[in-house]
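Student: This is target.txt, which holds compact mmCIF, N, CA and C atoms:
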# COMPACT_ATOMS: atom_id res chain seq x y z
N MET A 1 -2.07 -124.73 38.08
CA MET A 1 -1.66 -123.35 38.02
C MET A 1 -0.48 -123.18 37.07
N ARG A 2 0.46 -124.10 37.14
CA ARG A 2 1.64 -124.06 36.27
C ARG A 2 1.22 -124.15 34.81
N THR A 3 0.23 -124.96 34.51
CA THR A 3 -0.27 -125.12 33.14
C THR A 3 -0.87 -123.81 32.63
N ILE A 4 -1.60 -123.10 33.47
CA ILE A 4 -2.19 -121.82 33.08
C ILE A 4 -1.10 -120.80 32.79
N GLU A 5 -0.06 -120.77 33.64
CA GLU A 5 1.06 -119.84 33.42
C GLU A 5 1.75 -120.13 32.09
N LEU A 6 2.01 -121.40 31.81
CA LEU A 6 2.65 -121.77 30.55
C LEU A 6 1.77 -121.43 29.35
N ALA A 7 0.46 -121.62 29.49
CA ALA A 7 -0.47 -121.27 28.41
C ALA A 7 -0.44 -119.77 28.15
N CYS A 8 -0.42 -118.98 29.23
CA CYS A 8 -0.37 -117.52 29.07
C CYS A 8 0.92 -117.08 28.38
N VAL A 9 2.04 -117.71 28.74
CA VAL A 9 3.32 -117.39 28.10
C VAL A 9 3.26 -117.75 26.63
N ALA A 10 2.71 -118.92 26.31
CA ALA A 10 2.61 -119.35 24.91
C ALA A 10 1.74 -118.40 24.10
N VAL A 11 0.61 -117.98 24.66
CA VAL A 11 -0.26 -117.03 23.97
C VAL A 11 0.46 -115.71 23.76
N GLY A 12 1.18 -115.25 24.77
CA GLY A 12 1.94 -114.01 24.65
C GLY A 12 2.98 -114.09 23.56
N LEU A 13 3.67 -115.20 23.46
CA LEU A 13 4.68 -115.37 22.40
C LEU A 13 4.04 -115.38 21.03
N CYS A 14 2.89 -116.02 20.90
CA CYS A 14 2.19 -116.04 19.61
C CYS A 14 1.74 -114.64 19.21
N ILE A 15 1.23 -113.87 20.17
CA ILE A 15 0.79 -112.51 19.86
C ILE A 15 1.99 -111.65 19.48
N ALA A 16 3.09 -111.78 20.22
CA ALA A 16 4.28 -110.97 19.94
C ALA A 16 4.84 -111.30 18.57
N GLN A 17 4.65 -112.54 18.11
CA GLN A 17 5.20 -112.93 16.82
C GLN A 17 4.20 -112.74 15.68
N SER A 18 3.06 -112.12 15.94
CA SER A 18 2.08 -111.94 14.88
C SER A 18 2.53 -110.91 13.85
N VAL A 19 3.50 -110.03 14.20
CA VAL A 19 4.09 -109.11 13.23
C VAL A 19 5.11 -109.91 12.45
N PRO A 20 5.02 -109.94 11.13
CA PRO A 20 5.94 -110.76 10.33
C PRO A 20 7.39 -110.35 10.56
N ALA A 21 8.25 -111.35 10.71
CA ALA A 21 9.67 -111.08 10.91
C ALA A 21 10.29 -110.46 9.67
N SER A 22 9.64 -110.60 8.53
CA SER A 22 10.20 -110.07 7.29
C SER A 22 9.79 -108.62 7.04
N ALA A 23 9.11 -107.99 8.01
CA ALA A 23 8.69 -106.60 7.85
C ALA A 23 9.75 -105.67 8.43
N ALA A 24 9.89 -104.52 7.80
CA ALA A 24 10.79 -103.47 8.29
C ALA A 24 10.01 -102.18 8.35
N CYS A 25 10.34 -101.33 9.32
CA CYS A 25 9.63 -100.07 9.50
C CYS A 25 10.61 -98.95 9.80
N VAL A 26 10.19 -97.74 9.48
CA VAL A 26 10.96 -96.55 9.78
C VAL A 26 9.99 -95.42 10.06
N VAL A 27 10.37 -94.49 10.93
CA VAL A 27 9.55 -93.30 11.19
C VAL A 27 10.10 -92.17 10.35
N LEU A 28 9.24 -91.54 9.54
CA LEU A 28 9.63 -90.41 8.70
C LEU A 28 8.84 -89.18 9.13
N ALA A 29 9.36 -88.00 8.83
CA ALA A 29 8.69 -86.77 9.24
C ALA A 29 8.88 -85.68 8.18
N GLY A 30 7.91 -84.78 8.15
CA GLY A 30 7.98 -83.60 7.29
C GLY A 30 7.59 -82.38 8.10
N THR A 31 8.29 -81.29 7.92
CA THR A 31 8.04 -80.06 8.67
C THR A 31 7.77 -78.92 7.71
N ALA A 32 6.83 -78.06 8.09
CA ALA A 32 6.49 -76.89 7.27
C ALA A 32 5.92 -75.81 8.17
N ASP A 33 5.84 -74.59 7.62
CA ASP A 33 5.32 -73.47 8.39
C ASP A 33 4.14 -72.83 7.69
N GLY A 34 3.50 -71.89 8.37
CA GLY A 34 2.39 -71.17 7.80
C GLY A 34 1.95 -70.06 8.73
N PHE A 35 1.17 -69.12 8.21
CA PHE A 35 0.69 -68.03 9.03
C PHE A 35 -0.59 -68.38 9.77
N ASP A 36 -1.18 -69.55 9.45
CA ASP A 36 -2.29 -70.07 10.23
C ASP A 36 -2.09 -71.57 10.38
N LYS A 37 -2.79 -72.16 11.34
CA LYS A 37 -2.58 -73.57 11.67
C LYS A 37 -2.96 -74.49 10.51
N ASP A 38 -4.08 -74.20 9.85
CA ASP A 38 -4.51 -75.07 8.75
C ASP A 38 -3.46 -75.14 7.64
N THR A 39 -2.87 -74.00 7.31
CA THR A 39 -1.84 -73.97 6.26
C THR A 39 -0.60 -74.75 6.69
N ALA A 40 -0.15 -74.52 7.91
CA ALA A 40 1.05 -75.22 8.40
C ALA A 40 0.83 -76.73 8.47
N VAL A 41 -0.34 -77.15 8.94
CA VAL A 41 -0.64 -78.57 9.02
C VAL A 41 -0.67 -79.19 7.63
N SER A 42 -1.38 -78.58 6.70
CA SER A 42 -1.48 -79.17 5.35
C SER A 42 -0.12 -79.20 4.67
N ARG A 43 0.70 -78.18 4.87
CA ARG A 43 2.05 -78.17 4.28
C ARG A 43 2.94 -79.25 4.91
N ALA A 44 2.83 -79.44 6.21
CA ALA A 44 3.63 -80.47 6.88
C ALA A 44 3.21 -81.86 6.41
N GLN A 45 1.90 -82.08 6.27
CA GLN A 45 1.42 -83.37 5.77
C GLN A 45 1.87 -83.61 4.33
N LEU A 46 1.86 -82.56 3.52
CA LEU A 46 2.34 -82.67 2.14
C LEU A 46 3.84 -82.96 2.12
N ALA A 47 4.61 -82.29 2.99
CA ALA A 47 6.05 -82.56 3.07
C ALA A 47 6.31 -84.01 3.47
N LEU A 48 5.52 -84.53 4.39
CA LEU A 48 5.64 -85.93 4.79
C LEU A 48 5.32 -86.85 3.62
N ASP A 49 4.23 -86.59 2.92
CA ASP A 49 3.86 -87.41 1.75
C ASP A 49 4.98 -87.40 0.71
N ASP A 50 5.54 -86.22 0.44
CA ASP A 50 6.63 -86.12 -0.53
C ASP A 50 7.85 -86.92 -0.07
N TYR A 51 8.15 -86.85 1.23
CA TYR A 51 9.31 -87.58 1.75
C TYR A 51 9.09 -89.08 1.67
N ILE A 52 7.87 -89.54 1.94
CA ILE A 52 7.57 -90.97 1.82
C ILE A 52 7.79 -91.43 0.38
N LYS A 53 7.31 -90.65 -0.59
CA LYS A 53 7.52 -91.00 -2.01
C LYS A 53 9.00 -91.05 -2.35
N GLN A 54 9.75 -90.05 -1.88
CA GLN A 54 11.19 -90.00 -2.12
C GLN A 54 11.89 -91.20 -1.48
N TYR A 55 11.53 -91.51 -0.26
CA TYR A 55 12.12 -92.62 0.47
C TYR A 55 11.86 -93.94 -0.25
N LYS A 56 10.61 -94.13 -0.71
CA LYS A 56 10.27 -95.34 -1.45
C LYS A 56 11.11 -95.47 -2.71
N ALA A 57 11.28 -94.37 -3.44
CA ALA A 57 12.05 -94.41 -4.68
C ALA A 57 13.53 -94.69 -4.40
N GLU A 58 14.10 -93.99 -3.41
CA GLU A 58 15.52 -94.17 -3.09
C GLU A 58 15.84 -95.57 -2.59
N ASN A 59 14.88 -96.20 -1.93
CA ASN A 59 15.11 -97.52 -1.34
C ASN A 59 14.46 -98.65 -2.13
N HIS A 60 13.96 -98.33 -3.32
CA HIS A 60 13.40 -99.33 -4.22
C HIS A 60 12.29 -100.14 -3.55
N LEU A 61 11.38 -99.43 -2.87
CA LEU A 61 10.29 -100.09 -2.18
C LEU A 61 9.04 -100.09 -3.04
N GLY A 62 8.28 -101.15 -2.94
CA GLY A 62 6.99 -101.22 -3.62
C GLY A 62 5.91 -100.72 -2.68
N ALA A 63 4.98 -101.60 -2.38
CA ALA A 63 3.87 -101.23 -1.49
C ALA A 63 4.37 -101.05 -0.06
N VAL A 64 3.88 -100.01 0.58
CA VAL A 64 4.20 -99.75 1.98
C VAL A 64 2.90 -99.52 2.75
N THR A 65 2.97 -99.69 4.05
CA THR A 65 1.86 -99.38 4.93
C THR A 65 2.25 -98.14 5.72
N VAL A 66 1.41 -97.13 5.71
CA VAL A 66 1.69 -95.87 6.40
C VAL A 66 0.68 -95.71 7.53
N SER A 67 1.18 -95.45 8.73
CA SER A 67 0.31 -95.21 9.88
C SER A 67 0.85 -94.05 10.70
N ALA A 68 -0.05 -93.38 11.39
CA ALA A 68 0.32 -92.21 12.20
C ALA A 68 1.31 -92.61 13.28
N MET A 69 2.37 -91.80 13.43
CA MET A 69 3.36 -92.01 14.47
C MET A 69 3.94 -90.65 14.83
N ARG A 70 3.95 -90.34 16.09
CA ARG A 70 4.48 -89.04 16.52
C ARG A 70 5.98 -89.00 16.28
N ALA A 71 6.43 -87.91 15.68
CA ALA A 71 7.85 -87.67 15.45
C ALA A 71 8.26 -86.44 16.25
N ALA A 72 9.51 -86.36 16.59
CA ALA A 72 10.01 -85.20 17.34
C ALA A 72 9.89 -83.95 16.49
N PRO A 73 9.50 -82.82 17.08
CA PRO A 73 9.44 -81.57 16.32
C PRO A 73 10.80 -81.26 15.69
N GLN A 74 10.76 -80.73 14.49
CA GLN A 74 11.99 -80.38 13.76
C GLN A 74 11.99 -78.88 13.49
N PRO A 75 12.37 -78.08 14.50
CA PRO A 75 12.32 -76.62 14.33
C PRO A 75 13.38 -76.13 13.34
N TYR A 76 13.06 -75.03 12.66
CA TYR A 76 13.98 -74.42 11.71
C TYR A 76 15.05 -73.59 12.41
N TRP A 77 14.65 -72.76 13.37
CA TRP A 77 15.53 -71.75 13.94
C TRP A 77 15.93 -72.01 15.38
N ARG A 78 15.34 -73.00 16.02
CA ARG A 78 15.64 -73.29 17.42
C ARG A 78 16.32 -74.64 17.52
N GLY A 79 16.98 -74.84 18.65
CA GLY A 79 17.57 -76.14 18.90
C GLY A 79 16.52 -77.15 19.36
N ARG A 80 15.49 -76.64 20.04
CA ARG A 80 14.42 -77.52 20.52
C ARG A 80 13.15 -76.69 20.72
N VAL A 81 12.05 -77.40 20.92
CA VAL A 81 10.76 -76.75 21.14
C VAL A 81 10.29 -77.12 22.55
N SER A 82 10.09 -76.12 23.40
CA SER A 82 9.63 -76.41 24.76
C SER A 82 8.10 -76.57 24.78
N GLU A 83 7.60 -77.20 25.80
CA GLU A 83 6.18 -77.51 25.90
C GLU A 83 5.31 -76.26 25.86
N ASN A 84 5.77 -75.15 26.43
CA ASN A 84 4.95 -73.94 26.44
C ASN A 84 4.82 -73.28 25.06
N MET A 85 5.58 -73.73 24.08
CA MET A 85 5.48 -73.22 22.70
C MET A 85 4.52 -74.04 21.85
N MET A 86 4.10 -75.20 22.37
CA MET A 86 3.27 -76.11 21.59
C MET A 86 1.83 -75.64 21.51
N TYR A 87 1.22 -75.82 20.32
CA TYR A 87 -0.21 -75.59 20.14
C TYR A 87 -0.92 -76.93 20.33
N HIS A 88 -2.05 -76.89 20.98
CA HIS A 88 -2.82 -78.11 21.22
C HIS A 88 -4.23 -77.92 20.70
N PRO A 89 -4.93 -78.93 20.32
CA PRO A 89 -4.54 -80.34 20.35
C PRO A 89 -3.70 -80.70 19.12
N ASP A 90 -3.01 -81.86 19.20
CA ASP A 90 -2.30 -82.40 18.06
C ASP A 90 -3.32 -82.88 17.03
N ILE A 91 -2.90 -82.96 15.79
CA ILE A 91 -3.78 -83.42 14.71
C ILE A 91 -3.36 -84.84 14.33
N VAL A 92 -4.25 -85.79 14.53
CA VAL A 92 -3.93 -87.18 14.24
C VAL A 92 -4.92 -87.70 13.21
N THR A 93 -4.38 -88.21 12.11
CA THR A 93 -5.19 -88.86 11.08
C THR A 93 -4.75 -90.31 11.00
N GLU A 94 -5.34 -91.05 10.11
CA GLU A 94 -4.96 -92.45 9.93
C GLU A 94 -3.49 -92.58 9.51
N LYS A 95 -2.99 -91.59 8.75
CA LYS A 95 -1.66 -91.71 8.17
C LYS A 95 -0.63 -90.71 8.67
N SER A 96 -1.00 -89.83 9.59
CA SER A 96 0.01 -88.90 10.12
C SER A 96 -0.37 -88.38 11.50
N TYR A 97 0.66 -88.02 12.25
CA TYR A 97 0.51 -87.42 13.57
C TYR A 97 1.24 -86.08 13.50
N THR A 98 0.50 -84.99 13.70
CA THR A 98 1.07 -83.66 13.51
C THR A 98 1.08 -82.86 14.80
N ASP A 99 2.27 -82.37 15.17
CA ASP A 99 2.48 -81.45 16.29
C ASP A 99 2.77 -80.07 15.72
N CYS A 100 2.23 -79.02 16.35
CA CYS A 100 2.50 -77.65 15.91
C CYS A 100 2.99 -76.81 17.09
N TRP A 101 3.79 -75.80 16.78
CA TRP A 101 4.31 -74.91 17.81
C TRP A 101 4.48 -73.52 17.24
N GLN A 102 4.73 -72.57 18.14
CA GLN A 102 4.92 -71.18 17.76
C GLN A 102 6.31 -71.04 17.15
N GLY A 103 6.35 -70.56 15.91
CA GLY A 103 7.61 -70.40 15.23
C GLY A 103 8.29 -69.08 15.55
N VAL A 104 9.53 -68.93 15.12
CA VAL A 104 10.29 -67.70 15.31
C VAL A 104 9.86 -66.67 14.26
N VAL A 105 9.82 -67.09 12.99
CA VAL A 105 9.44 -66.21 11.90
C VAL A 105 7.97 -66.38 11.55
N SER A 106 7.53 -67.61 11.43
CA SER A 106 6.13 -67.92 11.11
C SER A 106 5.34 -68.12 12.39
N THR A 107 4.07 -67.84 12.31
CA THR A 107 3.19 -68.01 13.48
C THR A 107 3.07 -69.47 13.86
N TYR A 108 3.00 -70.35 12.87
CA TYR A 108 2.86 -71.78 13.11
C TYR A 108 3.93 -72.56 12.37
N VAL A 109 4.49 -73.56 13.03
CA VAL A 109 5.38 -74.54 12.42
C VAL A 109 4.87 -75.90 12.88
N CYS A 110 4.81 -76.86 11.95
CA CYS A 110 4.29 -78.19 12.29
C CYS A 110 5.20 -79.28 11.75
N THR A 111 5.28 -80.38 12.49
CA THR A 111 5.96 -81.59 12.03
C THR A 111 4.93 -82.71 11.98
N SER A 112 4.82 -83.36 10.83
CA SER A 112 3.94 -84.52 10.67
C SER A 112 4.81 -85.77 10.61
N GLY A 113 4.43 -86.80 11.37
CA GLY A 113 5.19 -88.03 11.40
C GLY A 113 4.34 -89.22 11.03
N ALA A 114 5.01 -90.25 10.51
CA ALA A 114 4.34 -91.49 10.15
C ALA A 114 5.31 -92.65 10.23
N GLN A 115 4.78 -93.80 10.56
CA GLN A 115 5.56 -95.03 10.49
C GLN A 115 5.29 -95.66 9.13
N VAL A 116 6.35 -95.98 8.42
CA VAL A 116 6.24 -96.59 7.10
C VAL A 116 6.83 -98.00 7.20
N CYS A 117 6.02 -99.00 6.85
CA CYS A 117 6.46 -100.39 6.93
C CYS A 117 6.34 -101.06 5.56
N TRP A 118 7.19 -102.03 5.34
CA TRP A 118 7.17 -102.77 4.09
C TRP A 118 7.68 -104.18 4.34
N SER A 119 7.44 -105.03 3.39
CA SER A 119 7.92 -106.41 3.48
C SER A 119 9.29 -106.48 2.85
N ARG A 120 10.26 -106.99 3.61
CA ARG A 120 11.62 -107.13 3.06
C ARG A 120 11.65 -108.18 1.95
N PHE A 121 10.65 -109.03 1.93
CA PHE A 121 10.58 -110.06 0.89
C PHE A 121 10.50 -109.44 -0.50
N TYR A 122 9.84 -108.28 -0.61
CA TYR A 122 9.64 -107.63 -1.91
C TYR A 122 10.61 -106.48 -2.16
N GLN A 123 11.66 -106.39 -1.39
CA GLN A 123 12.58 -105.26 -1.48
C GLN A 123 13.85 -105.68 -2.20
N ASN A 124 14.43 -104.74 -2.92
CA ASN A 124 15.64 -105.01 -3.69
C ASN A 124 16.90 -104.57 -2.96
N GLU A 125 17.23 -105.21 -1.84
CA GLU A 125 18.49 -104.99 -1.14
C GLU A 125 18.77 -103.54 -0.75
N ALA A 126 17.75 -102.72 -0.59
CA ALA A 126 17.97 -101.31 -0.25
C ALA A 126 18.20 -101.11 1.24
N VAL A 127 17.90 -102.10 2.04
CA VAL A 127 18.02 -101.98 3.48
C VAL A 127 19.08 -102.96 3.96
N ASP A 128 19.88 -102.55 4.95
CA ASP A 128 20.91 -103.46 5.42
C ASP A 128 20.28 -104.73 5.98
N GLY A 129 20.95 -105.84 5.81
CA GLY A 129 20.40 -107.13 6.17
C GLY A 129 20.38 -107.41 7.66
N PHE A 130 21.07 -106.62 8.45
CA PHE A 130 21.15 -106.89 9.88
C PHE A 130 19.94 -106.38 10.64
N SER A 131 19.66 -105.08 10.55
CA SER A 131 18.61 -104.51 11.37
C SER A 131 17.33 -104.20 10.61
N GLY A 132 17.40 -104.17 9.29
CA GLY A 132 16.24 -103.78 8.52
C GLY A 132 16.02 -102.28 8.55
N THR A 133 17.00 -101.54 9.03
CA THR A 133 16.87 -100.10 9.16
C THR A 133 17.66 -99.42 8.05
N PRO A 134 17.03 -98.58 7.24
CA PRO A 134 17.76 -97.86 6.22
C PRO A 134 18.81 -96.97 6.86
N ALA A 135 19.95 -96.86 6.24
CA ALA A 135 21.03 -96.04 6.78
C ALA A 135 20.59 -94.60 6.97
N GLY A 136 20.96 -94.04 8.10
CA GLY A 136 20.66 -92.64 8.37
C GLY A 136 19.28 -92.38 8.91
N HIS A 137 18.49 -93.38 9.15
CA HIS A 137 17.14 -93.20 9.67
C HIS A 137 16.97 -94.03 10.93
N SER A 138 16.15 -93.58 11.85
CA SER A 138 15.93 -94.32 13.07
C SER A 138 14.80 -95.32 12.88
N PHE A 139 14.92 -96.44 13.55
CA PHE A 139 13.91 -97.49 13.47
C PHE A 139 12.69 -97.07 14.23
N GLY A 140 11.51 -97.46 13.75
CA GLY A 140 10.25 -96.98 14.31
C GLY A 140 9.81 -97.63 15.61
N PHE A 141 10.62 -98.42 16.24
CA PHE A 141 10.18 -99.07 17.49
C PHE A 141 11.14 -98.75 18.61
Take the structure in the file and write it out as structure tokens.
Tutor:
Amino acid sequence: MRTIELACVAVGLCIAQSVPASAACVVLAGTADGFDKDTAVSRAQLALDDYIKQYKAENHLGAVTVSAMRAAPQPYWRGRVSENMMYHPDIVTEKSYTDCWQGVVSTYVCTSGAQVCWSRFYQNEAVDGFSGTPAGHSFGF
């Protein structure tokens, strides 16, 4: 029985370490509005794409992996968005997770989020060496 427990622990450690230690990730988001849901969603996804490009340039990143990750809503005129203001269902693609809610001025406001990961091996010192987290951004885990 002890051998099985140790084997399970060893397998768990191997699985946990399958993510390369030299990888760094951050969650980025883009917010936009529109008078219909399709417009707000496409604008939010475009804002996210633009921010990813800007982030890559500012941090001297080459290839990155982008995957859908829910980000907190970023309202323009409110301090927060309550659940009863949210439109459902959320829109999830391979590269973004989009939440929409009823805006103050616009009918729809949406935030699209994504986790962006890269190999620190190919990076030019743009990220601090301690946490792998770019300054001013929250880590994606």
Student: Just to confirm, what's the straight-line distance from CA of Gly62 in chain A to CA of Ile91 in chain A in Å (one decimal)?
Tutor: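 CA of Gly62 in chain A sits 27.7 Å away from CA of Ile91 in chain A.
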Student: Point out the residue among A:Ala68, A:Val81, A:Val41, A:Ala63 with the least atom-to-atom distance to Ser96 in chain A, counting only N, CA and C atoms.
Tutor: A:Ala68
Student: Pick out the closest residue to Ile52 in chain A from this set: A:Cys110, A:Val26, A:Met85, A:Ala72. Count only C-alpha atoms.
Tutor: A:Val26
Student: Point out the residue among A:Cys25, A:Cys100, A:Val92, A:Leu48 with the least atom-to-atom distance to Pro73 in chain A, counting only N, CA and C atoms.
Tutor: A:Cys100
Student: Report, in Å to a single decimal, how far apart CA of Ser67 in chain A and CA of Ser22 in chain A are.
Tutor: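 Here the two named atoms are 18.0 Å from each other.
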Student: Which distance in Å separates CA of Arg43 in chain A and CA of Leu61 in chain A, to one decimal?
Tutor: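 CA of Arg43 in chain A sits 24.3 Å away from CA of Leu61 in chain A.
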Student: Nearest residue to Arg70 in chain A out of A:Glu83, A:Asp99, A:Asp36, A:Glu94, using only C-alpha atoms?
Tutor: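 Nearest to Arg70 in chain A: A:Asp99.
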